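Here's the structure we're looking at; comments come further down.
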Amino acid sequence: AGTADLTGKRLLVTAGGTRERLDPVRFLTNDSSGKMGYAIAAAAQRAGADVTLITAPTKLPVPSGVTVVPIESTQDLADAVLTRLPAADGLVMAAAVADFQPIESADQKIKKTNANDELVLRLKKTPDILQAVAAQKRPDQVVVGFAAETQHLLENGRQKLTKKHLDLLAANDVSRADIGFNGDNNQVTFLFADGHNEQTPVTSKRAIATTLITHVAEIFNQK
Ligand code: C5P
């Protein structure tokens, strides 16, 4: 495969783990470092795309030449993605989105008292962003999802690809300690809409990001 060219393409990339607030000083989140999404934003930028990185809080430096939109919660992320989608050519949804959010978030810090030896948190499902994207996606737009699974990676990945009308899905086995969340290396299986799969070796997130962007460029060419 030659070098990917995304000149003139406007690409949205999401990254990091969303935060769901319990109170002003506490939140629920996950182990995502944001590294994979930042590497994808950088690879897309190197390929000539006009990149907007919509990111939950991370410890990472902002890739140069990329427009950054900071968000915290899944609802923030949904709003940021859906308002920008009509003007975009593509979306890579690498953010690790919380599946549940507190039904109520307290305005003041939740205090421990003699009366509350136990605290019950009630959670509700977060909005499914890719499902909302699927409902308004144009045929010329390329949408890429991720699937982090600890079992039945390929079966679950295929279901997600179909259900969310994705052009490409990168499936990640997060049960392995050597790859995935937080580390600098990863291994993914790319699931394509035509039914074929392609597994990468265990390699750097930078290399995987470059491969993903090459696939995105190929998919644009086929549209
Ligand atoms: O969490 P799950 O493995 O189902 O995520 C699959 C894909 O869907 C990922 O690309 C993730 O960013 C996206 N997602 C979403 N909205 C959610 C949960 C996940 O768009 N509420």
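In the structure tokens, chains take the letters A, B, ... in the order shown, each chain's residues start at 1, and ligands count up from 1 in the order shown.
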
Practice task
Can you list, as a ChimeraX atom specification, all residues belonging to stretch 112-208 of chain A that DSSP tags as alpha helix (DSSP H)?
Solution key: /A:129-136,153-163,205-208

Resulting file, chosen residues, N, CA, C and O atoms, as a compact mmCIF listing (two decimals), in the first residue's frame:
```
# COMPACT_ATOMS: atom_id res chain seq x y z
N ILE A 129 -23.51 7.09 20.58
CA ILE A 129 -23.15 8.13 19.61
C ILE A 129 -23.10 7.56 18.19
O ILE A 129 -23.66 8.13 17.26
N LEU A 130 -22.45 6.41 18.03
CA LEU A 130 -22.34 5.84 16.68
C LEU A 130 -23.71 5.43 16.12
O LEU A 130 -23.92 5.46 14.91
N GLN A 131 -24.62 5.06 17.00
CA GLN A 131 -25.97 4.74 16.52
C GLN A 131 -26.64 6.00 15.98
O GLN A 131 -27.30 5.96 14.94
N ALA A 132 -26.46 7.12 16.69
CA ALA A 132 -27.01 8.40 16.21
C ALA A 132 -26.32 8.84 14.92
O ALA A 132 -26.97 9.37 14.01
N VAL A 133 -25.01 8.59 14.84
CA VAL A 133 -24.27 8.92 13.61
C VAL A 133 -24.81 8.10 12.45
O VAL A 133 -25.02 8.62 11.35
N ALA A 134 -25.05 6.80 12.70
CA ALA A 134 -25.53 5.90 11.64
C ALA A 134 -26.83 6.43 11.04
O ALA A 134 -27.05 6.33 9.83
N ALA A 135 -27.67 7.02 11.89
CA ALA A 135 -28.98 7.50 11.44
C ALA A 135 -28.88 8.70 10.51
O ALA A 135 -29.80 8.97 9.75
N GLN A 136 -27.78 9.45 10.57
CA GLN A 136 -27.68 10.64 9.72
C GLN A 136 -26.47 10.64 8.81
O GLN A 136 -26.15 11.65 8.16
N LEU A 153 -14.28 -11.46 20.43
CA LEU A 153 -13.89 -10.20 19.78
C LEU A 153 -14.48 -10.06 18.38
O LEU A 153 -15.09 -9.04 18.05
N LEU A 154 -14.30 -11.08 17.55
CA LEU A 154 -14.69 -10.92 16.14
C LEU A 154 -16.21 -10.97 15.96
O LEU A 154 -16.76 -10.19 15.17
N GLU A 155 -16.87 -11.85 16.70
CA GLU A 155 -18.33 -11.94 16.59
C GLU A 155 -18.97 -10.62 17.05
O GLU A 155 -19.83 -10.06 16.37
N ASN A 156 -18.54 -10.13 18.21
CA ASN A 156 -19.10 -8.87 18.72
C ASN A 156 -18.76 -7.71 17.79
O ASN A 156 -19.57 -6.81 17.58
N GLY A 157 -17.55 -7.73 17.25
CA GLY A 157 -17.11 -6.68 16.34
C GLY A 157 -17.97 -6.64 15.09
O GLY A 157 -18.42 -5.57 14.65
N ARG A 158 -18.20 -7.80 14.50
CA ARG A 158 -19.04 -7.88 13.29
C ARG A 158 -20.44 -7.33 13.55
O ARG A 158 -21.02 -6.61 12.73
N GLN A 159 -20.99 -7.70 14.71
CA GLN A 159 -22.33 -7.21 15.06
C GLN A 159 -22.36 -5.69 15.16
O GLN A 159 -23.28 -5.04 14.69
N LYS A 160 -21.30 -5.13 15.80
CA LYS A 160 -21.23 -3.67 15.93
C LYS A 160 -21.12 -2.99 14.58
O LYS A 160 -21.77 -1.99 14.31
N LEU A 161 -20.26 -3.54 13.72
CA LEU A 161 -20.05 -2.97 12.39
C LEU A 161 -21.38 -2.90 11.63
O LEU A 161 -21.72 -1.88 11.02
N THR A 162 -22.13 -3.98 11.68
CA THR A 162 -23.39 -4.06 10.94
C THR A 162 -24.43 -3.13 11.54
O THR A 162 -25.05 -2.32 10.86
N LYS A 163 -24.59 -3.22 12.88
CA LYS A 163 -25.63 -2.47 13.56
C LYS A 163 -25.41 -0.96 13.43
O LYS A 163 -26.36 -0.19 13.29
N LYS A 205 1.25 1.94 18.51
CA LYS A 205 -0.01 2.60 18.18
C LYS A 205 0.17 3.54 17.00
O LYS A 205 -0.74 3.71 16.19
N ARG A 206 1.38 4.11 16.88
CA ARG A 206 1.66 4.97 15.72
C ARG A 206 1.54 4.18 14.42
O ARG A 206 0.92 4.63 13.46
N ALA A 207 2.12 2.97 14.40
CA ALA A 207 2.07 2.15 13.18
C ALA A 207 0.63 1.71 12.88
O ALA A 207 0.20 1.69 11.72
N ILE A 208 -0.10 1.35 13.93
CA ILE A 208 -1.50 0.94 13.73
C ILE A 208 -2.33 2.12 13.22
O ILE A 208 -3.17 1.96 12.33
```

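Based on only C-alpha atoms and all ligand atoms, the protein and nucleic acid residues found within 6 Å of ligand 1 are, by chain and then by number, Met93, Ala94, Ala95, Ala96, Val97, Asp99, Thr126, Pro127, Asp128, Ile129, Leu130, Gly145, Phe146, Ala147 and Ala148 of chain A.
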
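Nearest to A:Asp23 of all the residues A:Ile71, A:Val81, A:Leu121, A:Ala44 is A:Leu121, counting only C-alpha atoms.
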
Problem - Shortest interatomic distance to A:Gly37 - which of A:Val144, A:Val92, A:Ala87, A:Val69, counting only C-alpha atoms - result: A:Val92

Please provide the set of residues having any atom within 10 Å of A:Asn197, restricted to only C-alpha atoms, with same-chain residues fewer than 4 positions apart removed, written as a short mmCIF file (atom, residue, chain, number, x, y, z; two decimals) with N, CA and C atoms, in the first residue's frame.
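Listed below is the output, result_9.cif:
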```
data_model
loop_
_atom_site.label_atom_id
_atom_site.label_comp_id
_atom_site.auth_asym_id
_atom_site.auth_seq_id
_atom_site.Cartn_x
_atom_site.Cartn_y
_atom_site.Cartn_z
N LEU A 154 -14.30 -11.08 17.55
CA LEU A 154 -14.69 -10.92 16.14
C LEU A 154 -16.21 -10.97 15.96
N ARG A 158 -18.20 -7.80 14.50
CA ARG A 158 -19.04 -7.88 13.29
C ARG A 158 -20.44 -7.33 13.55
N LEU A 168 -15.61 0.60 8.71
CA LEU A 168 -14.45 -0.13 9.23
C LEU A 168 -14.55 -0.17 10.74
N LEU A 169 -14.16 -1.29 11.31
CA LEU A 169 -14.12 -1.39 12.77
C LEU A 169 -12.78 -1.98 13.20
N ALA A 170 -12.15 -1.35 14.16
CA ALA A 170 -10.88 -1.85 14.71
C ALA A 170 -11.20 -2.54 16.03
N THR A 189 -7.68 -6.14 15.03
CA THR A 189 -8.18 -6.78 13.81
C THR A 189 -9.11 -5.79 13.14
N PHE A 190 -8.77 -5.44 11.89
CA PHE A 190 -9.65 -4.56 11.12
C PHE A 190 -10.76 -5.40 10.50
N LEU A 191 -12.00 -5.01 10.76
CA LEU A 191 -13.15 -5.67 10.15
C LEU A 191 -13.70 -4.71 9.10
N PHE A 192 -13.72 -5.16 7.86
CA PHE A 192 -14.18 -4.31 6.76
C PHE A 192 -15.64 -4.62 6.44
N ALA A 193 -16.32 -3.62 5.86
CA ALA A 193 -17.76 -3.77 5.58
C ALA A 193 -18.03 -4.86 4.55
#
```

Handout entry: Within 6 Å of A:Leu11 using only C-alpha atoms, minus same-chain residues under 5 positions, as an NGL selection string
Key = :A and (51 or 88-91)

Atoms to include: N, CA, C and O atoms. Write the selected residues as a tab-separated table (two decimals), in the first residue's frame.
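Output saved as selection_33.tsv:
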```tsv
chain	number	residue	atom	x	y	z
A	51	VAL	N	-7.88	17.98	10.46
A	51	VAL	CA	-8.29	17.11	11.58
A	51	VAL	C	-8.83	17.90	12.76
A	51	VAL	O	-8.21	18.86	13.21
A	88	ALA	N	-18.29	17.26	8.02
A	88	ALA	CA	-17.12	16.38	7.99
A	88	ALA	C	-17.24	15.35	6.87
A	88	ALA	O	-18.34	14.99	6.45
A	89	ASP	N	-16.08	14.89	6.41
A	89	ASP	CA	-16.04	13.79	5.43
A	89	ASP	C	-15.94	12.44	6.12
A	89	ASP	O	-16.28	11.43	5.54
A	90	GLY	N	-15.41	12.46	7.35
A	90	GLY	CA	-15.25	11.18	8.03
A	90	GLY	C	-15.13	11.35	9.53
A	90	GLY	O	-14.92	12.45	10.05
A	91	LEU	N	-15.33	10.23	10.23
A	91	LEU	CA	-15.27	10.19	11.69
A	91	LEU	C	-14.56	8.91	12.13
A	91	LEU	O	-14.91	7.82	11.66
```

Practice task
Might you pull out every residue within 12 Å of A:Asp31, with only C-alpha atoms counted and same-chain residues fewer than 6 positions away left off, and present them as a ChimeraX atom specification?
Solution key: /A:16-19,57-58,95-98,148,174,180-183

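Atom CA of A:Asp184 to atom CA of A:Phe220 spans 28.1 Å [interatomic distance, one decimal].
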
Problem - Best match for closeness to A:His165 among A:Glu149, A:Asp178, A:Glu72, A:Asp194, counting only C-alpha atoms - result: A:Asp194

Practice task
List every residue of stretch 44-144 of chain A that DSSP, applied to the backbone, labels as strand (DSSP E or B), and write the result as an NGL selection string.
Solution key: :A and (50-55 or 67-70 or 90-93 or 96 or 100-102 or 123-125 or 142-144)

Completion exercise
Atom pair atom CA of A:Leu60 + atom CA of A:Ala15, distance 10.7 Å

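Each of A:Ala42, A:Lys223, A:Ser33, A:Arg122 was checked against A:Ser105 using only C-alpha atoms; the smallest atom-to-atom distance is that of A:Arg122.
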
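You will find atom CA of A:Leu28 at 22.9 Å from atom CA of A:Val68.
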
Completion exercise
Counting only C-alpha atoms, the residue among A:Arg176, A:Lys59, A:Lys124, A:Arg10 that lies closest to A:Gly34 is A:Lys59
